[in-house]
file protein.txt (compact mmCIF, C-alpha atoms)
# COMPACT_ATOMS: atom_id res chain seq x y z
CA MET A 9 161.38 151.12 74.03
CA LYS A 10 159.54 152.87 76.79
CA GLU A 11 156.38 153.29 74.65
CA ASP A 12 156.50 149.61 73.67
CA TYR A 13 156.59 148.66 77.36
CA ILE A 14 153.55 150.81 78.16
CA MET A 15 151.59 149.34 75.24
CA THR A 16 152.45 145.81 76.37
CA GLU A 17 151.26 146.53 79.93
CA ASP A 18 147.99 148.04 78.65
CA MET A 19 147.39 145.00 76.46
CA ASN A 20 148.08 142.63 79.38
CA LEU A 21 145.77 144.63 81.67
CA GLU A 22 143.01 144.60 79.08
CA LYS A 23 143.47 140.88 78.59
CA ALA A 24 143.46 140.24 82.38
CA ASN A 25 140.17 142.07 82.81
CA ILE A 26 138.13 140.23 80.20
CA TYR A 27 135.40 138.37 82.17
CA ASN A 28 133.32 135.45 80.98
CA GLU A 29 130.07 133.76 82.02
CA GLY A 30 130.48 131.83 85.25
CA ASP A 31 133.34 133.99 86.55
CA ARG A 32 133.19 135.27 90.11
CA VAL A 33 133.81 138.98 90.50
CA THR A 34 133.65 141.64 93.21
CA GLY A 35 131.35 144.54 92.45
CA LYS A 36 130.58 147.80 94.23
CA VAL A 37 126.98 149.03 94.25
CA THR A 38 126.81 152.43 92.51
CA LYS A 39 123.12 152.77 91.71
CA ILE A 40 119.91 151.23 93.04
CA GLU A 41 116.67 151.22 91.08
CA GLU A 42 113.41 149.59 92.04
CA LYS A 43 113.96 146.33 90.14
CA SER A 44 117.74 146.28 89.59
CA VAL A 45 121.14 147.29 90.94
CA THR A 46 124.12 148.68 89.01
CA VAL A 47 127.61 147.66 90.16
CA GLU A 48 131.10 148.71 89.19
CA ILE A 49 133.56 145.86 88.64
CA ALA A 50 137.20 146.80 89.27
CA GLY A 51 139.18 146.80 86.02
CA ALA A 52 136.19 145.79 83.88
CA PRO A 53 135.51 147.76 80.69
CA PHE A 54 131.87 148.34 81.67
CA ASP A 55 129.43 148.04 84.61
CA GLY A 56 127.19 145.15 85.51
CA VAL A 57 123.52 144.87 86.45
CA ILE A 58 121.92 142.60 89.09
CA PRO A 59 118.20 141.98 88.38
CA ILE A 60 116.05 142.01 91.52
CA SER A 61 115.37 138.28 91.13
CA GLU A 62 119.13 137.61 91.47
CA LEU A 63 119.66 139.67 94.62
CA SER A 64 118.26 137.24 97.18
CA SER A 65 116.95 133.74 97.61
CA LEU A 66 113.81 135.32 99.10
CA HIS A 67 111.16 137.33 97.31
CA ILE A 68 111.75 141.07 97.72
CA GLU A 69 109.61 143.96 96.50
CA LYS A 70 112.38 146.57 96.00
CA ALA A 71 116.08 146.15 95.23
CA GLY A 72 116.90 148.55 98.05
CA ASP A 73 115.52 145.99 100.52
CA ALA A 74 118.54 143.75 99.86
CA VAL A 75 121.54 146.06 99.29
CA ALA A 76 122.72 149.64 99.79
CA GLU A 77 124.91 151.96 97.71
CA GLY A 78 128.59 151.38 98.42
CA ASP A 79 128.15 147.69 99.31
CA GLU A 80 130.83 145.41 97.92
CA LEU A 81 129.32 142.13 96.73
CA GLU A 82 130.62 138.78 95.59
CA LEU A 83 128.88 138.04 92.28
CA ILE A 84 128.72 135.53 89.43
CA ILE A 85 128.52 136.63 85.80
CA MET A 86 125.42 135.02 84.35
CA LYS A 87 125.60 136.62 80.91
CA VAL A 88 127.91 138.94 78.98
CA GLU A 89 125.98 141.38 76.84
CA GLU A 90 127.14 144.36 74.78
CA ASP A 91 128.65 146.83 77.22
CA ASN A 92 127.01 145.07 80.14
CA TYR A 93 127.30 142.12 82.53
CA VAL A 94 124.23 140.38 83.97
CA LEU A 95 125.21 139.35 87.50
CA SER A 96 123.84 137.23 90.34
CA LYS A 97 124.36 137.61 94.06
CA ARG A 98 121.83 134.87 94.81
CA LYS A 99 123.89 132.15 93.10
CA VAL A 100 127.06 133.08 95.01
CA ASP A 101 125.18 133.04 98.31
CA ALA A 102 123.63 129.68 97.44
CA ASP A 103 126.89 128.05 96.34
CA ASP A 104 128.62 129.20 99.51
CA ALA A 105 125.67 128.18 101.67
CA TRP A 106 125.10 124.63 100.42
CA ASP A 107 128.52 123.40 101.54
CA SER A 108 128.01 124.79 105.03
CA LEU A 109 124.42 123.53 105.21
CA GLU A 110 125.39 120.03 104.13
CA GLU A 111 127.93 119.86 106.95
CA LYS A 112 125.33 121.04 109.50
CA PHE A 113 122.86 118.48 108.15
CA ASN A 114 125.35 115.62 108.51
CA THR A 115 126.41 116.65 112.03
CA LYS A 116 122.79 117.42 113.09
CA GLU A 117 123.93 120.88 114.15
CA THR A 118 121.33 123.49 115.08
CA ILE A 119 121.07 126.75 113.13
CA GLU A 120 120.03 130.05 114.70
CA THR A 121 118.52 132.57 112.32
CA GLU A 122 115.78 135.15 111.90
CA VAL A 123 112.37 134.35 110.45
CA LYS A 124 112.21 136.50 107.32
CA ASP A 125 108.64 135.86 106.28
CA VAL A 126 105.38 134.13 107.17
CA VAL A 127 103.75 132.43 104.20
CA LYS A 128 100.84 130.12 103.65
CA GLY A 129 101.74 126.83 105.30
CA GLY A 130 104.73 127.94 107.36
CA LEU A 131 107.77 130.17 107.83
CA VAL A 132 110.65 131.24 105.56
CA VAL A 133 114.30 131.92 106.50
CA ASP A 134 117.30 133.06 104.46
CA LEU A 135 120.40 130.90 104.87
CA GLY A 136 121.95 131.86 101.58
CA VAL A 137 119.23 129.66 100.13
CA ARG A 138 115.55 129.84 100.94
CA GLY A 139 114.69 127.64 103.88
CA PHE A 140 111.10 126.61 104.56
CA ILE A 141 109.63 125.50 107.90
CA PRO A 142 106.21 123.81 107.46
CA ALA A 143 103.59 124.81 110.05
CA SER A 144 103.65 121.29 111.53
CA LEU A 145 107.40 121.63 112.21
CA VAL A 146 107.35 125.05 113.89
CA GLU A 147 106.26 124.00 117.39
CA ASP A 148 105.40 120.77 119.15
CA HIS A 149 101.86 122.06 119.73
CA PHE A 150 99.15 123.62 117.58
CA VAL A 151 99.65 127.31 116.74
CA GLU A 152 96.59 129.31 115.73
CA SER A 153 98.48 132.11 113.95
CA PHE A 154 102.13 132.68 112.97
CA GLU A 155 101.77 136.44 112.42
CA ASP A 156 104.05 137.42 115.31
CA TYR A 157 106.81 134.99 114.24
CA LYS A 158 108.20 137.32 111.56
CA GLY A 159 111.47 138.83 112.79
CA ARG A 160 111.81 136.30 115.59
CA VAL A 161 115.21 134.63 116.00
CA MET A 162 114.77 130.86 116.35
CA THR A 163 116.83 127.69 116.29
CA PHE A 164 116.30 125.03 113.64
CA LYS A 165 117.54 121.68 112.44
CA ILE A 166 117.74 120.68 108.80
CA VAL A 167 115.41 117.73 108.17
CA GLU A 168 115.58 117.62 104.37
CA MET A 169 117.85 119.11 101.71
CA ASP A 170 118.25 118.74 97.94
CA LYS A 171 120.72 121.07 96.24
CA GLU A 172 119.62 120.10 92.73
CA LYS A 173 116.01 121.03 93.48
CA ASN A 174 117.05 123.98 95.66
CA ARG A 175 114.97 122.44 98.46
CA LEU A 176 115.75 123.07 102.14
CA ILE A 177 113.31 122.02 104.88
CA LEU A 178 113.94 122.99 108.51
CA SER A 179 112.32 122.17 111.83
CA HIS A 180 112.11 124.04 115.12
CA ARG A 181 109.95 121.27 116.53
CA ALA A 182 112.90 118.85 116.27
CA VAL A 183 114.98 121.20 118.44
CA ILE A 184 112.23 121.34 121.08
CA GLN A 185 111.80 117.58 121.12
CA GLU A 186 115.55 117.02 121.48
CA GLU A 187 115.66 119.45 124.40
CA LYS A 188 112.70 117.72 126.04
CA GLU A 189 114.30 114.32 125.64
CA SER A 190 117.42 115.49 127.44
CA GLN A 191 115.30 117.03 130.22
CA LYS A 192 112.95 114.08 130.61
CA GLY A 193 115.02 112.13 133.16
CA GLU A 194 115.56 115.21 135.28
CA VAL A 195 111.86 116.09 135.22
CA LEU A 196 110.79 112.56 136.13
CA ASP A 197 113.18 112.52 139.10
CA ARG A 198 111.81 115.71 140.62
CA LEU A 199 108.10 115.00 140.06
CA ASN A 200 105.94 114.05 143.05
CA GLU A 201 102.49 112.51 143.20
CA GLY A 202 99.90 115.04 144.28
CA GLU A 203 101.88 117.96 142.86
CA VAL A 204 99.93 120.62 140.94
CA LEU A 205 101.67 121.99 137.84
CA ALA A 206 101.06 124.24 134.84
CA GLY A 207 101.03 122.48 131.48
CA THR A 208 100.30 122.84 127.78
CA VAL A 209 98.03 120.52 125.80
CA GLN A 210 100.20 118.83 123.17
CA ARG A 211 97.91 116.28 121.57
CA ILE A 212 94.25 115.27 121.68
CA ALA A 213 93.26 111.59 121.56
CA ALA A 214 89.92 109.80 121.84
CA PHE A 215 90.77 108.60 125.35
CA GLY A 216 92.29 111.79 126.73
CA ALA A 217 94.85 114.58 126.26
CA PHE A 218 98.65 114.60 126.44
CA VAL A 219 99.95 117.57 128.41
CA ASP A 220 103.51 118.90 128.49
CA ILE A 221 104.52 119.64 132.09
CA GLY A 222 107.97 121.04 131.42
CA GLY A 223 109.94 118.60 129.34
CA VAL A 224 107.79 115.49 129.60
CA ASP A 225 104.21 114.66 128.60
CA GLY A 226 101.59 113.17 130.88
CA LEU A 227 98.16 111.77 130.07
CA VAL A 228 94.93 113.28 131.32
CA HIS A 229 92.39 110.49 130.83
CA ILE A 230 88.98 111.62 129.58
CA SER A 231 87.51 110.73 132.98
CA GLN A 232 89.92 113.21 134.61
CA LEU A 233 89.05 116.21 132.45
CA SER A 234 86.04 117.51 134.35
CA HIS A 235 83.58 116.80 137.12
CA ASP A 236 80.93 116.77 134.38
CA HIS A 237 80.62 113.89 131.95
CA VAL A 238 82.75 114.56 128.85
CA GLU A 239 81.63 112.95 125.61
CA LYS A 240 84.58 114.09 123.46
CA VAL A 241 87.94 115.45 124.59
CA SER A 242 87.81 118.11 121.87
CA ASP A 243 84.62 119.49 123.46
CA VAL A 244 86.64 120.85 126.39
CA LEU A 245 90.27 121.09 125.18
CA LYS A 246 92.31 121.99 122.12
CA GLU A 247 96.02 121.74 121.33
CA GLY A 248 97.99 124.64 122.77
CA ASP A 249 95.63 125.24 125.72
CA LYS A 250 97.31 126.19 129.00
CA VAL A 251 95.98 124.04 131.84
CA LYS A 252 96.59 123.25 135.49
CA VAL A 253 97.08 119.57 136.30
CA LYS A 254 97.58 117.37 139.35
CA VAL A 255 100.03 114.45 139.22
CA LEU A 256 98.11 111.26 140.02
CA SER A 257 100.83 108.65 139.45
CA ILE A 258 104.35 108.28 138.03
CA ASP A 259 105.82 105.17 136.40
CA ARG A 260 109.48 106.12 135.97
CA ASP A 261 110.43 102.84 134.29
CA SER A 262 107.96 103.27 131.45
CA GLU A 263 108.07 107.09 131.68
CA ARG A 264 104.30 107.27 132.06
CA ILE A 265 102.63 110.01 134.04
CA SER A 266 98.93 110.14 134.88
CA LEU A 267 97.47 113.61 135.36
CA SER A 268 94.15 115.13 136.35
CA ILE A 269 92.59 118.45 135.45
CA LYS A 270 89.42 117.58 137.36
CA ASP A 271 91.24 117.48 140.69
CA THR A 272 92.40 121.09 140.26
CA LEU A 273 88.86 122.37 139.69
CA PRO A 274 86.32 123.32 142.37
CA GLY A 275 84.44 120.14 143.34
CA PRO A 276 80.74 119.81 142.59
CA TRP A 277 80.04 119.48 146.33
CA GLU A 278 81.68 122.78 147.22
CA GLU A 279 79.14 125.28 148.63
CA ILE A 280 76.46 122.62 148.22
CA GLU A 281 74.59 123.94 151.30
CA GLU A 282 74.00 127.19 149.42
CA LYS A 283 73.13 125.55 146.11
CA ALA A 284 70.84 122.93 147.65
CA GLN A 285 69.26 124.56 150.69
CA VAL A 286 67.09 122.42 152.93
CA GLY A 287 63.46 122.87 151.92
CA SER A 288 64.25 124.06 148.39
CA THR A 289 62.92 122.43 145.24
CA LEU A 290 65.34 121.31 142.54
CA GLU A 291 64.99 119.71 139.16
CA GLY A 292 66.98 116.52 138.74
CA THR A 293 67.50 113.49 136.54
CA VAL A 294 66.99 109.92 137.74
CA LYS A 295 70.42 108.32 137.32
CA ARG A 296 70.05 104.96 139.08
CA LEU A 297 67.26 102.88 140.52
CA VAL A 298 68.04 100.55 143.42
CA SER A 299 65.85 98.44 145.66
CA TYR A 300 65.78 101.07 148.42
CA GLY A 301 65.24 104.18 146.30
CA ALA A 302 66.40 106.35 143.43
CA PHE A 303 69.55 108.39 142.95
CA VAL A 304 68.76 111.73 141.35
CA GLU A 305 71.42 114.07 139.92
CA VAL A 306 70.54 117.66 140.86
CA PHE A 307 73.86 119.28 139.79
CA PRO A 308 76.65 117.90 137.56
CA GLY A 309 78.45 115.36 139.75
CA VAL A 310 76.00 115.75 142.66
CA GLU A 311 73.48 112.98 143.30
CA GLY A 312 70.99 112.69 146.12
CA LEU A 313 68.93 109.73 147.34
CA VAL A 314 65.16 109.65 147.25
CA HIS A 315 64.42 106.82 149.66
CA ILE A 316 61.66 104.47 148.49
CA SER A 317 59.49 105.76 151.31
CA ARG A 318 59.83 109.29 149.90
CA ILE A 319 58.82 108.50 146.33
CA SER A 320 55.02 108.28 146.74
CA HIS A 321 52.28 108.56 149.35
CA GLN A 322 51.17 105.10 148.18
CA HIS A 323 53.08 101.99 149.08
CA ILE A 324 55.31 100.74 146.25
CA GLY A 325 57.34 97.56 146.07
CA THR A 326 60.24 98.90 143.92
CA PRO A 327 61.14 102.38 142.64
CA ASN A 328 60.92 101.28 138.99
CA GLU A 329 57.15 100.89 139.39
CA VAL A 330 56.86 104.68 139.12
CA LEU A 331 60.27 105.93 137.94
CA GLN A 332 62.69 105.22 135.15
CA GLU A 333 66.34 106.13 134.57
CA GLY A 334 66.81 109.36 132.62
CA GLN A 335 63.48 110.77 133.80
CA LYS A 336 63.34 114.46 134.76
CA ILE A 337 61.74 115.01 138.14
CA ASP A 338 61.31 117.72 140.77
CA VAL A 339 62.64 116.90 144.25
CA LYS A 340 62.61 118.60 147.63
CA VAL A 341 65.83 118.83 149.66
CA LEU A 342 65.36 117.23 153.09
CA GLU A 343 68.90 117.04 154.40
CA VAL A 344 72.43 118.10 153.33
CA ASN A 345 75.56 116.34 154.61
CA THR A 346 78.58 118.15 153.14
CA GLN A 347 81.17 116.06 154.94
CA ASP A 348 79.84 112.72 153.69
CA LYS A 349 78.65 114.21 150.38
CA ARG A 350 75.09 113.03 150.88
CA LEU A 351 71.77 114.59 149.98
CA SER A 352 68.41 113.31 151.17
CA LEU A 353 65.62 114.15 148.73
CA SER A 354 61.88 113.65 148.45
CA ILE A 355 59.42 113.43 145.62
CA LYS A 356 56.44 112.66 147.85
CA ASP A 357 56.66 115.99 149.65
CA LEU A 358 55.89 117.81 146.40
CA ILE A 359 52.78 115.70 145.57
CA LYS A 360 49.34 116.43 147.01
CA LYS A 361 48.06 113.50 149.01
CA GLU A 362 44.72 113.42 147.20
CA ASP A 363 46.61 112.97 143.92
CA SER A 364 48.81 110.25 145.30
CA ASN A 365 46.96 107.35 143.64
CA ALA A 366 48.48 108.49 140.38
CA TYR A 367 51.98 109.57 139.42
CA GLY A 368 51.82 111.29 136.07
CA ASP A 369 49.89 108.86 133.85
CA TYR A 370 50.71 105.95 136.12
CA VAL A 371 47.92 104.42 138.22
CA MET A 372 49.04 102.53 141.30
CA PRO A 373 48.62 98.75 140.81
CA GLU A 374 46.23 96.77 142.96
CA GLU A 375 49.00 94.78 144.64
CA ALA A 376 50.86 98.00 145.56
CA SER A 377 47.86 99.36 147.51
CA GLY A 378 48.47 96.97 150.38
CA PHE A 379 45.47 94.65 149.91
CA SER A 380 44.11 92.26 147.28
CA MET A 381 40.69 91.66 145.71
CA SER A 382 40.39 88.40 147.68
CA ASP A 383 40.66 90.45 150.88
CA VAL A 384 37.74 92.63 149.81
CA ILE A 385 35.59 89.64 148.74
CA GLY A 386 36.43 87.85 151.97
CA ASP A 387 35.31 90.82 154.07
CA GLN A 388 32.01 91.02 152.19
CA LEU A 389 31.38 87.29 152.76
CA LYS A 390 32.02 87.72 156.48
CA LYS A 391 29.45 90.51 156.65
CA PHE A 392 26.92 88.35 154.83
CA SER A 393 27.50 85.43 157.24
CA ASN A 394 26.99 87.64 160.29
CA LYS A 395 23.62 88.76 158.94
CA GLU A 396 22.54 85.19 158.67

call {"tool": "encode", "arguments": {"input": "protein.txt", "output": "structure tokens"}}
result
Amino acid sequence: MKEDYIMTEDMNLEKANIYNEGDRVTGKVTKIEEKSVTVEIAGAPFDGVIPISELSSLHIEKAGDAVAEGDELELIIMKVEEDNYVLSKRKVDADDAWDSLEEKFNTKETIETEVKDVVKGGLVVDLGVRGFIPASLVEDHFVESFEDYKGRVMTFKIVEMDKEKNRLILSHRAVIQEEKESQKGEVLDRLNEGEVLAGTVQRIAAFGAFVDIGGVDGLVHISQLSHDHVEKVSDVLKEGDKVKVKVLSIDRDSERISLSIKDTLPGPWEEIEEKAQVGSTLEGTVKRLVSYGAFVEVFPGVEGLVHISRISHQHIGTPNEVLQEGQKIDVKVLEVNTQDKRLSLSIKDLIKKEDSNAYGDYVMPEEASGFSMSDVIGDQLKKFSNKE
């Protein structure tokens, strides 16, 4: 009777420990090779093997990168072979993860995890399934290189998931934008016109640049980028640039903020007395012609006036008789008024008087010389009459 009892128990034990495909089992790591791991399954008639591809949702080079000897793992039997089980840790992790991830997706909960890898086009994390963060969803500004992101712990939100396709897309940018939105009201309340702040260029547009000033974006119009004329915003700024800006105006109702980079830069008139010393000769460009003279730009943002009386030794009726806009010309500095931002210039003082009947290829017209041909003929007739 006793022997029959022992045989019955052995048969029941053997029957209880027969495992099939799809069963979940607990295995202890006993051996690690480069491309596989051997595990011992309690009560099983033989060991199981986990191929390297079934160890993790991420690509790994060596099996030892994912597990260590002695680890106890939850596994799924993928295949039963002769004296061997083919097991998967990846499938268990994924099955457990999807339920949790779906709940976080529905509740819009943030996830904090480590960046496991940097790949072409973005970042990769391991959440039991492989999660991908496209480059455009990493930050809310342009990032030149993601090399130093590997190993960094960051917060993410799930923006797309498909269990059937094993697709999980995450965004850190969404977390940043949500934080900014909650801070926006507070930032707007404490901002003051005239305040100078540090900012980061978020976006480039044809008409200017949007700059983050700590939770809210403001616009730097293209005219406020520099004292020099700017043709294209991208010529002077790029996304991600750190800049200093001055608050020009705040519209709290529409949440619009106007900023200036130009007003934080040294003005073109600073130290003008040293740059344009009285008596010195400068090269300039004729910018505007008016009835009383010509405005000549001698430095970016610095124009001086050549009065009509200082253009030529000859009398001229209007400056455009001898000058044209855009023309390069040498001028002499006569006077500097820093306070009023005025320069008095002269062209005439650089031209020899004997050459004053011509300016370049231009010959002074008869009417500009101060007398007409009828005056000359009249004088000759008077002389003839006196002789008579």

call {"tool": "residues_around", "arguments": {"input": "protein.txt", "residues": "region 344-355 of chain A", "least_positions_apart": "4", "cutoff": "6 Å", "atoms": "all atoms listed in the file", "output": "list in words"}}
result
Gly312, Leu313, Val314, Arg318, Ile319, Val339 and Lys340 of chain A

call {"tool": "residues_around", "arguments": {"input": "protein.txt", "residues": "region 119-127 of chain A", "least_positions_apart": "6", "cutoff": "7 Å", "atoms": "all atoms listed in the file", "output": "PyMOL selection string"}}
result
chain A and resi 133-134+154-155+157-165

call {"tool": "residues_around", "arguments": {"input": "protein.txt", "residues": "region 238-254 of chain A", "least_positions_apart": "4", "cutoff": "10 Å", "atoms": "only C-alpha atoms", "output": "ChimeraX atom specification"}}
result
/A:147-152,200-221,226,228-234,266-273

call {"tool": "write_last_selection", "arguments": {"input": "protein.txt", "atoms": "C-alpha atoms", "output": "JSON list (two decimals), keeping the file's coordinate frame"}}
result
[["chain", "number", "residue", "atom", "x", "y", "z"],
["A", 147, "GLU", "CA", 106.26, 124.00, 117.39],
["A", 148, "ASP", "CA", 105.40, 120.77, 119.15],
["A", 149, "HIS", "CA", 101.86, 122.06, 119.73],
["A", 150, "PHE", "CA", 99.15, 123.62, 117.58],
["A", 151, "VAL", "CA", 99.65, 127.31, 116.74],
["A", 152, "GLU", "CA", 96.59, 129.31, 115.73],
["A", 200, "ASN", "CA", 105.94, 114.05, 143.05],
["A", 201, "GLU", "CA", 102.49, 112.51, 143.20],
["A", 202, "GLY", "CA", 99.90, 115.04, 144.28],
["A", 203, "GLU", "CA", 101.88, 117.96, 142.86],
["A", 204, "VAL", "CA", 99.93, 120.62, 140.94],
["A", 205, "LEU", "CA", 101.67, 121.99, 137.84],
["A", 206, "ALA", "CA", 101.06, 124.24, 134.84],
["A", 207, "GLY", "CA", 101.03, 122.48, 131.48],
["A", 208, "THR", "CA", 100.30, 122.84, 127.78],
["A", 209, "VAL", "CA", 98.03, 120.52, 125.80],
["A", 210, "GLN", "CA", 100.20, 118.83, 123.17],
["A", 211, "ARG", "CA", 97.91, 116.28, 121.57],
["A", 212, "ILE", "CA", 94.25, 115.27, 121.68],
["A", 213, "ALA", "CA", 93.26, 111.59, 121.56],
["A", 214, "ALA", "CA", 89.92, 109.80, 121.84],
["A", 215, "PHE", "CA", 90.77, 108.60, 125.35],
["A", 216, "GLY", "CA", 92.29, 111.79, 126.73],
["A", 217, "ALA", "CA", 94.85, 114.58, 126.26],
["A", 218, "PHE", "CA", 98.65, 114.60, 126.44],
["A", 219, "VAL", "CA", 99.95, 117.57, 128.41],
["A", 220, "ASP", "CA", 103.51, 118.90, 128.49],
["A", 221, "ILE", "CA", 104.52, 119.64, 132.09],
["A", 226, "GLY", "CA", 101.59, 113.17, 130.88],
["A", 228, "VAL", "CA", 94.93, 113.28, 131.32],
["A", 229, "HIS", "CA", 92.39, 110.49, 130.83],
["A", 230, "ILE", "CA", 88.98, 111.62, 129.58],
["A", 231, "SER", "CA", 87.51, 110.73, 132.98],
["A", 232, "GLN", "CA", 89.92, 113.21, 134.61],
["A", 233, "LEU", "CA", 89.05, 116.21, 132.45],
["A", 234, "SER", "CA", 86.04, 117.51, 134.35],
["A", 266, "SER", "CA", 98.93, 110.14, 134.88],
["A", 267, "LEU", "CA", 97.47, 113.61, 135.36],
["A", 268, "SER", "CA", 94.15, 115.13, 136.35],
["A", 269, "ILE", "CA", 92.59, 118.45, 135.45],
["A", 270, "LYS", "CA", 89.42, 117.58, 137.36],
["A", 271, "ASP", "CA", 91.24, 117.48, 140.69],
["A", 272, "THR", "CA", 92.40, 121.09, 140.26],
["A", 273, "LEU", "CA", 88.86, 122.37, 139.69]]

call {"tool": "closest_residue", "arguments": {"input": "protein.txt", "among": "A:Lys116, A:Asp236, A:Leu145, A:Asp261", "to": "Gly130 (chain A)", "atoms": "only C-alpha atoms"}}
result
A:Leu145

call {"tool": "atom_distance", "arguments": {"input": "protein.txt", "atom1": "CA of Gly129 (chain A)", "atom2": "CA of Leu178 (chain A)"}}
result
13.2 Å

call {"tool": "atom_distance", "arguments": {"input": "protein.txt", "atom1": "CA of Leu95 (chain A)", "atom2": "CA of Arg175 (chain A)"}}
result
22.6 Å

call {"tool": "atom_distance", "arguments": {"input": "protein.txt", "atom1": "CA of His67 (chain A)", "atom2": "CA of Val137 (chain A)"}}
result
11.5 Å

call {"tool": "residues_around", "arguments": {"input": "protein.txt", "residues": "Asp104 (chain A)", "least_positions_apart": "5", "cutoff": "12 Å", "atoms": "all atoms listed in the file", "output": "NGL selection string"}}
result
:A and (82-84 or 97-99 or 109-111 or 135-137 or 171)

call {"tool": "closest_residue", "arguments": {"input": "protein.txt", "among": "A:Ala105, A:Ala302, A:Val100, A:Ala284", "to": "Asn328 (chain A)", "atoms": "all atoms listed in the file"}}
result
A:Ala302

call {"tool": "closest_residue", "arguments": {"input": "protein.txt", "among": "A:Asn28, A:Thr289, A:Ser257, A:Gln335", "to": "Val88 (chain A)", "atoms": "all atoms listed in the file"}}
result
A:Asn28

call {"tool": "closest_residue", "arguments": {"input": "protein.txt", "among": "A:Thr34, A:Ala50, A:Ile177, A:Glu41", "to": "Lys70 (chain A)", "atoms": "all atoms listed in the file"}}
result
A:Glu41

call {"tool": "closest_residue", "arguments": {"input": "protein.txt", "among": "A:Asp79, A:Glu282, A:Asp55, A:Glu62", "to": "Asp91 (chain A)", "atoms": "only C-alpha atoms"}}
result
A:Asp55

call {"tool": "residues_around", "arguments": {"input": "protein.txt", "residues": "Arg264 (chain A)", "least_positions_apart": "6", "cutoff": "10 Å", "atoms": "all atoms listed in the file", "output": "list in words"}}
result
Leu196, Val224, Asp225, Gly226, Leu227, Ser257 and Ile258 of chain A

call {"tool": "axis_aligned_box", "arguments": {"input": "protein.txt", "around": "region 300-310 of chain A", "padding_each_side": "4 Å", "output": "AutoDock Vina command-line options"}}
result
--center_x 71.8 --center_y 110.2 --center_z 143.0 --size_x 21.2 --size_y 26.2 --size_z 18.9
